[in-house]
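*Asks:* Let me begin by handing over the structure; questions about it come next.
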Amino acid sequence: IEFDMYNNKEFEDVNDMHVAVHTGGCRLPNSGAGSTLLSSFGALRGSNRFLQDGGFHTARVQYTPGVDFNPDEQPNWSSSAHLQQFIKSDGIGTLRIFVDDMTTAVINVPISLKYAMKLTDGKAWVGFTASTGSMWQNQDILDWKFLEYHPDPETACPVGITARAQCLEEKAWPSFQGQPLVGTPYFEPGGDPWSPERGSVCTTCP
């Protein structure tokens, strides 16, 4: 996921201020080039989100199991032809990117992470990087947190821990099509309404 403030035409960038999602899948190296683009939002300037203004900005990356297609509430759905190989019925979820406005995402995209990433026991690394080529820009991460859902919040948040109420709220599973999700944070279609499958399928990656 990139927050890009420079228009690299050789990479087929959308413009000089955009948000984009890239992956080469589990077979190809990732890059910021158009060949790995899954989805993008280029209207940051038009929506008064000037990421180059030297001010403070807030972003949220959210992934939930199941496709929550609600264009009336979340209008910014987009995809590239490259994305199609990562949309499968097994393990599909919804990736959303928010910038400054935590109500309406700038990017909504359906994606099956098991086809898009080389997972280890259903898990992946989370981190940050920054680069500017021959130019420069100061980028500071002042605060961040990672919240992981848990199928059993009561066990994950034992009685007596600090801020238990917050822990329970953060780890409570959302619902999908009116039913509470069960299982671990990695899913295959199954019953009730999902059952877990944590293995990577990169050997069958398209």
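Order determines the names: the first chain of the structure tokens is A, the second B, and so forth; residues in each chain are numbered 1 upward, and ligands are numbered 1 upward as they are shown.
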Give one line per residue of range 2-66 of chain A that approaches range 78-101 of chain A to at most 7 Å, naming the two atoms of the closest pair and their distance in Å to one decimal, counting only C-alpha atoms; sort by chain then ascending residue number and deliver it as CSV.
*Replies:*
residue,atom,partner,partner_atom,distance
A:Thr36,CA,A:His82,CA,6.6
A:Leu37,CA,A:His82,CA,6.6
A:Leu38,CA,A:Leu83,CA,4.8
A:Ser39,CA,A:Ser79,CA,4.6
A:Ser40,CA,A:Ser78,CA,7.0
A:His57,CA,A:Asp100,CA,5.9
A:Thr58,CA,A:Asp100,CA,4.8
A:Ala59,CA,A:Val99,CA,4.4
A:Arg60,CA,A:Phe98,CA,5.0
A:Val61,CA,A:Ile97,CA,4.7
A:Gln62,CA,A:Arg96,CA,5.1
A:Tyr63,CA,A:Leu95,CA,4.5
A:Thr64,CA,A:Thr94,CA,5.4
A:Pro65,CA,A:Gly93,CA,4.1
A:Gly66,CA,A:Gly93,CA,4.3
*Asks:* Next, dump the selected residues to file, keeping only all heavy atoms, as an mmCIF file, in the first residue's frame.
*Replies:*
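Written out: result_19.cif:
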data_model
loop_
_atom_site.group_PDB
_atom_site.id
_atom_site.type_symbol
_atom_site.label_atom_id
_atom_site.label_comp_id
_atom_site.auth_asym_id
_atom_site.auth_seq_id
_atom_site.Cartn_x
_atom_site.Cartn_y
_atom_site.Cartn_z
ATOM 1 N N THR A 36 1.924 -4.136 -11.341
ATOM 2 C CA THR A 36 1.506 -4.791 -10.100
ATOM 3 C C THR A 36 0.352 -4.061 -9.423
ATOM 4 O O THR A 36 -0.020 -4.391 -8.304
ATOM 5 C CB THR A 36 2.678 -4.888 -9.107
ATOM 6 O OG1 THR A 36 3.073 -3.565 -8.714
ATOM 7 C CG2 THR A 36 3.863 -5.616 -9.723
ATOM 8 N N LEU A 37 -0.227 -3.062 -10.094
ATOM 9 C CA LEU A 37 -1.285 -2.250 -9.494
ATOM 10 C C LEU A 37 -2.585 -3.041 -9.375
ATOM 11 O O LEU A 37 -3.047 -3.647 -10.342
ATOM 12 C CB LEU A 37 -1.528 -1.005 -10.339
ATOM 13 C CG LEU A 37 -2.658 -0.078 -9.878
ATOM 14 C CD1 LEU A 37 -2.301 0.579 -8.552
ATOM 15 C CD2 LEU A 37 -2.964 0.970 -10.941
ATOM 16 N N LEU A 38 -3.175 -3.011 -8.174
ATOM 17 C CA LEU A 38 -4.482 -3.634 -7.949
ATOM 18 C C LEU A 38 -5.599 -2.602 -7.941
ATOM 19 O O LEU A 38 -6.669 -2.818 -8.502
ATOM 20 C CB LEU A 38 -4.508 -4.394 -6.619
ATOM 21 C CG LEU A 38 -3.458 -5.476 -6.404
ATOM 22 C CD1 LEU A 38 -3.712 -6.185 -5.091
ATOM 23 C CD2 LEU A 38 -3.448 -6.465 -7.555
ATOM 24 N N SER A 39 -5.352 -1.473 -7.283
ATOM 25 C CA SER A 39 -6.384 -0.443 -7.150
ATOM 26 C C SER A 39 -5.710 0.869 -6.765
ATOM 27 O O SER A 39 -4.630 0.862 -6.166
ATOM 28 C CB SER A 39 -7.408 -0.841 -6.085
ATOM 29 O OG SER A 39 -8.429 0.122 -5.949
ATOM 30 N N SER A 40 -6.344 1.994 -7.101
ATOM 31 C CA SER A 40 -5.754 3.288 -6.763
ATOM 32 C C SER A 40 -6.836 4.337 -6.554
ATOM 33 O O SER A 40 -7.981 4.171 -7.003
ATOM 34 C CB SER A 40 -4.796 3.756 -7.864
ATOM 35 O OG SER A 40 -5.503 3.985 -9.071
ATOM 36 N N HIS A 57 -1.538 13.747 9.187
ATOM 37 C CA HIS A 57 -2.538 12.991 8.456
ATOM 38 C C HIS A 57 -2.703 11.616 9.099
ATOM 39 O O HIS A 57 -1.761 11.058 9.655
ATOM 40 C CB HIS A 57 -2.143 12.849 6.982
ATOM 41 C CG HIS A 57 -2.089 14.161 6.264
ATOM 42 N ND1 HIS A 57 -3.206 14.765 5.718
ATOM 43 C CD2 HIS A 57 -1.052 14.997 6.022
ATOM 44 C CE1 HIS A 57 -2.860 15.901 5.159
ATOM 45 N NE2 HIS A 57 -1.551 16.080 5.343
ATOM 46 N N THR A 58 -3.912 11.105 9.006
ATOM 47 C CA THR A 58 -4.240 9.820 9.614
ATOM 48 C C THR A 58 -4.688 8.850 8.530
ATOM 49 O O THR A 58 -5.455 9.210 7.632
ATOM 50 C CB THR A 58 -5.377 9.985 10.642
ATOM 51 O OG1 THR A 58 -4.984 10.933 11.631
ATOM 52 C CG2 THR A 58 -5.686 8.659 11.315
ATOM 53 N N ALA A 59 -4.204 7.631 8.621
ATOM 54 C CA ALA A 59 -4.600 6.596 7.667
ATOM 55 C C ALA A 59 -4.984 5.331 8.418
ATOM 56 O O ALA A 59 -4.500 5.085 9.534
ATOM 57 C CB ALA A 59 -3.466 6.300 6.687
ATOM 58 N N ARG A 60 -5.847 4.546 7.817
ATOM 59 C CA ARG A 60 -6.211 3.250 8.387
ATOM 60 C C ARG A 60 -6.301 2.227 7.267
ATOM 61 O O ARG A 60 -6.893 2.497 6.224
ATOM 62 C CB ARG A 60 -7.546 3.317 9.138
ATOM 63 C CG ARG A 60 -7.889 2.004 9.836
ATOM 64 C CD ARG A 60 -9.103 2.136 10.744
ATOM 65 N NE ARG A 60 -10.357 1.986 10.017
ATOM 66 C CZ ARG A 60 -11.404 2.765 10.168
ATOM 67 N NH1 ARG A 60 -11.346 3.799 10.990
ATOM 68 N NH2 ARG A 60 -12.521 2.558 9.489
ATOM 69 N N VAL A 61 -5.702 1.080 7.496
ATOM 70 C CA VAL A 61 -5.789 -0.050 6.567
ATOM 71 C C VAL A 61 -6.602 -1.133 7.268
ATOM 72 O O VAL A 61 -6.245 -1.564 8.368
ATOM 73 C CB VAL A 61 -4.390 -0.580 6.205
ATOM 74 C CG1 VAL A 61 -4.508 -1.797 5.284
ATOM 75 C CG2 VAL A 61 -3.548 0.513 5.560
ATOM 76 N N GLN A 62 -7.665 -1.568 6.632
ATOM 77 C CA GLN A 62 -8.578 -2.523 7.270
ATOM 78 C C GLN A 62 -8.858 -3.683 6.323
ATOM 79 O O GLN A 62 -9.208 -3.485 5.169
ATOM 80 C CB GLN A 62 -9.886 -1.806 7.626
ATOM 81 C CG GLN A 62 -10.985 -2.693 8.193
ATOM 82 C CD GLN A 62 -12.236 -1.889 8.481
ATOM 83 O OE1 GLN A 62 -12.221 -0.958 9.283
ATOM 84 N NE2 GLN A 62 -13.325 -2.244 7.829
ATOM 85 N N TYR A 63 -8.684 -4.890 6.826
ATOM 86 C CA TYR A 63 -9.010 -6.084 6.044
ATOM 87 C C TYR A 63 -9.965 -6.943 6.849
ATOM 88 O O TYR A 63 -9.686 -7.285 8.007
ATOM 89 C CB TYR A 63 -7.752 -6.889 5.708
ATOM 90 C CG TYR A 63 -8.057 -8.156 4.944
ATOM 91 C CD1 TYR A 63 -8.247 -8.123 3.557
ATOM 92 C CD2 TYR A 63 -8.187 -9.378 5.590
ATOM 93 C CE1 TYR A 63 -8.548 -9.276 2.853
ATOM 94 C CE2 TYR A 63 -8.489 -10.533 4.893
ATOM 95 C CZ TYR A 63 -8.673 -10.475 3.532
ATOM 96 O OH TYR A 63 -8.986 -11.617 2.837
ATOM 97 N N THR A 64 -11.090 -7.313 6.245
ATOM 98 C CA THR A 64 -12.072 -8.164 6.909
ATOM 99 C C THR A 64 -12.446 -9.314 5.992
ATOM 100 O O THR A 64 -12.509 -9.151 4.767
ATOM 101 C CB THR A 64 -13.340 -7.380 7.297
ATOM 102 O OG1 THR A 64 -13.843 -6.703 6.132
ATOM 103 C CG2 THR A 64 -13.039 -6.363 8.380
ATOM 104 N N PRO A 65 -12.707 -10.487 6.531
ATOM 105 C CA PRO A 65 -13.121 -11.621 5.705
ATOM 106 C C PRO A 65 -14.471 -11.363 5.043
ATOM 107 O O PRO A 65 -15.332 -10.677 5.590
ATOM 108 C CB PRO A 65 -13.225 -12.771 6.711
ATOM 109 C CG PRO A 65 -12.438 -12.334 7.900
ATOM 110 C CD PRO A 65 -12.561 -10.844 7.944
ATOM 111 N N GLY A 66 -14.641 -11.905 3.853
ATOM 112 C CA GLY A 66 -15.899 -11.746 3.129
ATOM 113 C C GLY A 66 -15.923 -10.452 2.330
ATOM 114 O O GLY A 66 -15.235 -9.490 2.644
#
*Asks:* Give me, as a ChimeraX atom specification, all polymer residues having an atom no more than 12 Å from Asp16 in chain A, counting only C-alpha atoms and skipping those fewer than 4 positions away in the same chain.
*Replies:* /A:3-9,11-12,20,41-45,50-52
*Asks:* Select from range 9-94 of chain A everything DSSP, run on the backbone, classes as strand (DSSP E), then give the selection as a list in words.
*Replies:*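 After running DSSP on the backbone, range 9-94 of chain A has strand (DSSP E) at His18, Val19, Ala20, Val21, His22, Leu37, Leu38, Ser39, Ser40, Phe41, Ala59, Arg60, Val61, Gln62, Tyr63, Thr64, Pro65, Ile92, Gly93 and Thr94 of chain A.
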*Asks:* Could you write those residues out with all heavy atoms, as a compact mmCIF listing (two decimals), in the first residue's frame?
*Replies:*
# COMPACT_ATOMS: atom_id res chain seq x y z
N HIS A 18 -1.40 10.25 -4.72
CA HIS A 18 -2.39 9.18 -4.79
C HIS A 18 -2.10 8.09 -3.77
O HIS A 18 -1.02 8.03 -3.18
CB HIS A 18 -2.42 8.57 -6.20
CG HIS A 18 -1.15 7.90 -6.61
ND1 HIS A 18 -0.11 8.58 -7.22
CD2 HIS A 18 -0.73 6.61 -6.50
CE1 HIS A 18 0.88 7.74 -7.45
NE2 HIS A 18 0.53 6.54 -7.03
N VAL A 19 -3.07 7.24 -3.58
CA VAL A 19 -2.95 6.04 -2.77
C VAL A 19 -3.15 4.85 -3.70
O VAL A 19 -4.01 4.90 -4.58
CB VAL A 19 -4.00 6.00 -1.63
CG1 VAL A 19 -3.84 4.75 -0.79
CG2 VAL A 19 -3.89 7.24 -0.76
N ALA A 20 -2.35 3.80 -3.53
CA ALA A 20 -2.48 2.65 -4.41
C ALA A 20 -2.14 1.36 -3.67
O ALA A 20 -1.43 1.38 -2.66
CB ALA A 20 -1.57 2.80 -5.64
N VAL A 21 -2.65 0.27 -4.18
CA VAL A 21 -2.37 -1.06 -3.65
C VAL A 21 -1.64 -1.84 -4.74
O VAL A 21 -2.12 -1.91 -5.88
CB VAL A 21 -3.65 -1.80 -3.24
CG1 VAL A 21 -3.32 -3.18 -2.68
CG2 VAL A 21 -4.44 -0.99 -2.22
N HIS A 22 -0.49 -2.41 -4.40
CA HIS A 22 0.30 -3.18 -5.36
C HIS A 22 0.65 -4.55 -4.79
O HIS A 22 0.85 -4.70 -3.59
CB HIS A 22 1.63 -2.48 -5.66
CG HIS A 22 1.51 -1.21 -6.42
ND1 HIS A 22 1.67 -1.14 -7.78
CD2 HIS A 22 1.26 0.07 -6.01
CE1 HIS A 22 1.53 0.10 -8.19
NE2 HIS A 22 1.28 0.86 -7.13
N LEU A 37 -0.23 -3.06 -10.09
CA LEU A 37 -1.29 -2.25 -9.49
C LEU A 37 -2.58 -3.04 -9.38
O LEU A 37 -3.05 -3.65 -10.34
CB LEU A 37 -1.53 -1.00 -10.34
CG LEU A 37 -2.66 -0.08 -9.88
CD1 LEU A 37 -2.30 0.58 -8.55
CD2 LEU A 37 -2.96 0.97 -10.94
N LEU A 38 -3.17 -3.01 -8.17
CA LEU A 38 -4.48 -3.63 -7.95
C LEU A 38 -5.60 -2.60 -7.94
O LEU A 38 -6.67 -2.82 -8.50
CB LEU A 38 -4.51 -4.39 -6.62
CG LEU A 38 -3.46 -5.48 -6.40
CD1 LEU A 38 -3.71 -6.19 -5.09
CD2 LEU A 38 -3.45 -6.47 -7.55
N SER A 39 -5.35 -1.47 -7.28
CA SER A 39 -6.38 -0.44 -7.15
C SER A 39 -5.71 0.87 -6.77
O SER A 39 -4.63 0.86 -6.17
CB SER A 39 -7.41 -0.84 -6.08
OG SER A 39 -8.43 0.12 -5.95
N SER A 40 -6.34 1.99 -7.10
CA SER A 40 -5.75 3.29 -6.76
C SER A 40 -6.84 4.34 -6.55
O SER A 40 -7.98 4.17 -7.00
CB SER A 40 -4.80 3.76 -7.86
OG SER A 40 -5.50 3.98 -9.07
N PHE A 41 -6.44 5.40 -5.87
CA PHE A 41 -7.31 6.56 -5.64
C PHE A 41 -6.48 7.80 -5.91
O PHE A 41 -5.50 8.06 -5.20
CB PHE A 41 -7.86 6.57 -4.21
CG PHE A 41 -8.77 7.74 -3.91
CD1 PHE A 41 -10.11 7.70 -4.27
CD2 PHE A 41 -8.29 8.86 -3.27
CE1 PHE A 41 -10.96 8.76 -3.99
CE2 PHE A 41 -9.13 9.94 -2.98
CZ PHE A 41 -10.47 9.88 -3.35
N ALA A 59 -4.20 7.63 8.62
CA ALA A 59 -4.60 6.60 7.67
C ALA A 59 -4.98 5.33 8.42
O ALA A 59 -4.50 5.09 9.53
CB ALA A 59 -3.47 6.30 6.69
N ARG A 60 -5.85 4.55 7.82
CA ARG A 60 -6.21 3.25 8.39
C ARG A 60 -6.30 2.23 7.27
O ARG A 60 -6.89 2.50 6.22
CB ARG A 60 -7.55 3.32 9.14
CG ARG A 60 -7.89 2.00 9.84
CD ARG A 60 -9.10 2.14 10.74
NE ARG A 60 -10.36 1.99 10.02
CZ ARG A 60 -11.40 2.76 10.17
NH1 ARG A 60 -11.35 3.80 10.99
NH2 ARG A 60 -12.52 2.56 9.49
N VAL A 61 -5.70 1.08 7.50
CA VAL A 61 -5.79 -0.05 6.57
C VAL A 61 -6.60 -1.13 7.27
O VAL A 61 -6.25 -1.56 8.37
CB VAL A 61 -4.39 -0.58 6.20
CG1 VAL A 61 -4.51 -1.80 5.28
CG2 VAL A 61 -3.55 0.51 5.56
N GLN A 62 -7.66 -1.57 6.63
CA GLN A 62 -8.58 -2.52 7.27
C GLN A 62 -8.86 -3.68 6.32
O GLN A 62 -9.21 -3.48 5.17
CB GLN A 62 -9.89 -1.81 7.63
CG GLN A 62 -10.99 -2.69 8.19
CD GLN A 62 -12.24 -1.89 8.48
OE1 GLN A 62 -12.22 -0.96 9.28
NE2 GLN A 62 -13.32 -2.24 7.83
N TYR A 63 -8.68 -4.89 6.83
CA TYR A 63 -9.01 -6.08 6.04
C TYR A 63 -9.96 -6.94 6.85
O TYR A 63 -9.69 -7.29 8.01
CB TYR A 63 -7.75 -6.89 5.71
CG TYR A 63 -8.06 -8.16 4.94
CD1 TYR A 63 -8.25 -8.12 3.56
CD2 TYR A 63 -8.19 -9.38 5.59
CE1 TYR A 63 -8.55 -9.28 2.85
CE2 TYR A 63 -8.49 -10.53 4.89
CZ TYR A 63 -8.67 -10.48 3.53
OH TYR A 63 -8.99 -11.62 2.84
N THR A 64 -11.09 -7.31 6.24
CA THR A 64 -12.07 -8.16 6.91
C THR A 64 -12.45 -9.31 5.99
O THR A 64 -12.51 -9.15 4.77
CB THR A 64 -13.34 -7.38 7.30
OG1 THR A 64 -13.84 -6.70 6.13
CG2 THR A 64 -13.04 -6.36 8.38
N PRO A 65 -12.71 -10.49 6.53
CA PRO A 65 -13.12 -11.62 5.70
C PRO A 65 -14.47 -11.36 5.04
O PRO A 65 -15.33 -10.68 5.59
CB PRO A 65 -13.22 -12.77 6.71
CG PRO A 65 -12.44 -12.33 7.90
CD PRO A 65 -12.56 -10.84 7.94
N ILE A 92 -11.70 -15.06 0.24
CA ILE A 92 -11.81 -13.67 -0.20
C ILE A 92 -12.19 -12.76 0.97
O ILE A 92 -12.90 -13.16 1.89
CB ILE A 92 -12.83 -13.53 -1.35
CG1 ILE A 92 -12.66 -12.17 -2.04
CG2 ILE A 92 -14.26 -13.72 -0.86
CD1 ILE A 92 -13.34 -12.08 -3.38
N GLY A 93 -11.68 -11.54 0.92
CA GLY A 93 -11.99 -10.55 1.93
C GLY A 93 -12.08 -9.17 1.30
O GLY A 93 -11.98 -9.03 0.07
N THR A 94 -12.27 -8.16 2.13
CA THR A 94 -12.38 -6.78 1.66
C THR A 94 -11.28 -5.94 2.28
O THR A 94 -11.14 -5.89 3.49
CB THR A 94 -13.76 -6.18 2.03
OG1 THR A 94 -14.80 -7.01 1.50
CG2 THR A 94 -13.90 -4.77 1.46
*Asks:* Quick check, in Å to one decimal: how far apart do CA of Glu169 in chain A and CA of Val67 in chain A lie?
*Replies:*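 The value is 21.7 Å.
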*Asks:* Residues of range 1-46 of chain A in helix (DSSP H, G or I) according to DSSP, as a PDB file with N, CA, C and O atoms, in the first residue's frame?
*Replies:*
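Result saved to selection04.pdb:
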ATOM      1  N   LYS A   9       6.146   8.720 -14.174  1.00  0.00           N
ATOM      2  CA  LYS A   9       5.459   8.305 -15.395  1.00  0.00           C
ATOM      3  C   LYS A   9       5.961   6.961 -15.897  1.00  0.00           C
ATOM      4  O   LYS A   9       5.211   6.207 -16.517  1.00  0.00           O
ATOM      5  N   GLU A  10       7.230   6.665 -15.614  1.00  0.00           N
ATOM      6  CA  GLU A  10       7.762   5.377 -16.053  1.00  0.00           C
ATOM      7  C   GLU A  10       7.136   4.207 -15.301  1.00  0.00           C
ATOM      8  O   GLU A  10       7.187   3.059 -15.748  1.00  0.00           O
ATOM      9  N   PHE A  11       6.519   4.502 -14.124  1.00  0.00           N
ATOM     10  CA  PHE A  11       5.808   3.480 -13.345  1.00  0.00           C
ATOM     11  C   PHE A  11       4.306   3.498 -13.612  1.00  0.00           C
ATOM     12  O   PHE A  11       3.568   2.761 -12.980  1.00  0.00           O
ATOM     13  N   GLY A  34       3.039  -0.016 -12.631  1.00  0.00           N
ATOM     14  CA  GLY A  34       1.663  -0.254 -13.046  1.00  0.00           C
ATOM     15  C   GLY A  34       1.359  -1.719 -13.270  1.00  0.00           C
ATOM     16  O   GLY A  34       0.202  -2.138 -13.161  1.00  0.00           O
ATOM     17  N   SER A  35       2.382  -2.525 -13.539  1.00  0.00           N
ATOM     18  CA  SER A  35       2.166  -3.949 -13.786  1.00  0.00           C
ATOM     19  C   SER A  35       1.715  -4.704 -12.549  1.00  0.00           C
ATOM     20  O   SER A  35       1.176  -5.809 -12.658  1.00  0.00           O
ATOM     21  N   THR A  36       1.924  -4.136 -11.341  1.00  0.00           N
ATOM     22  CA  THR A  36       1.506  -4.791 -10.100  1.00  0.00           C
ATOM     23  C   THR A  36       0.352  -4.061  -9.423  1.00  0.00           C
ATOM     24  O   THR A  36      -0.020  -4.391  -8.304  1.00  0.00           O
TER      25      THR A  36
END
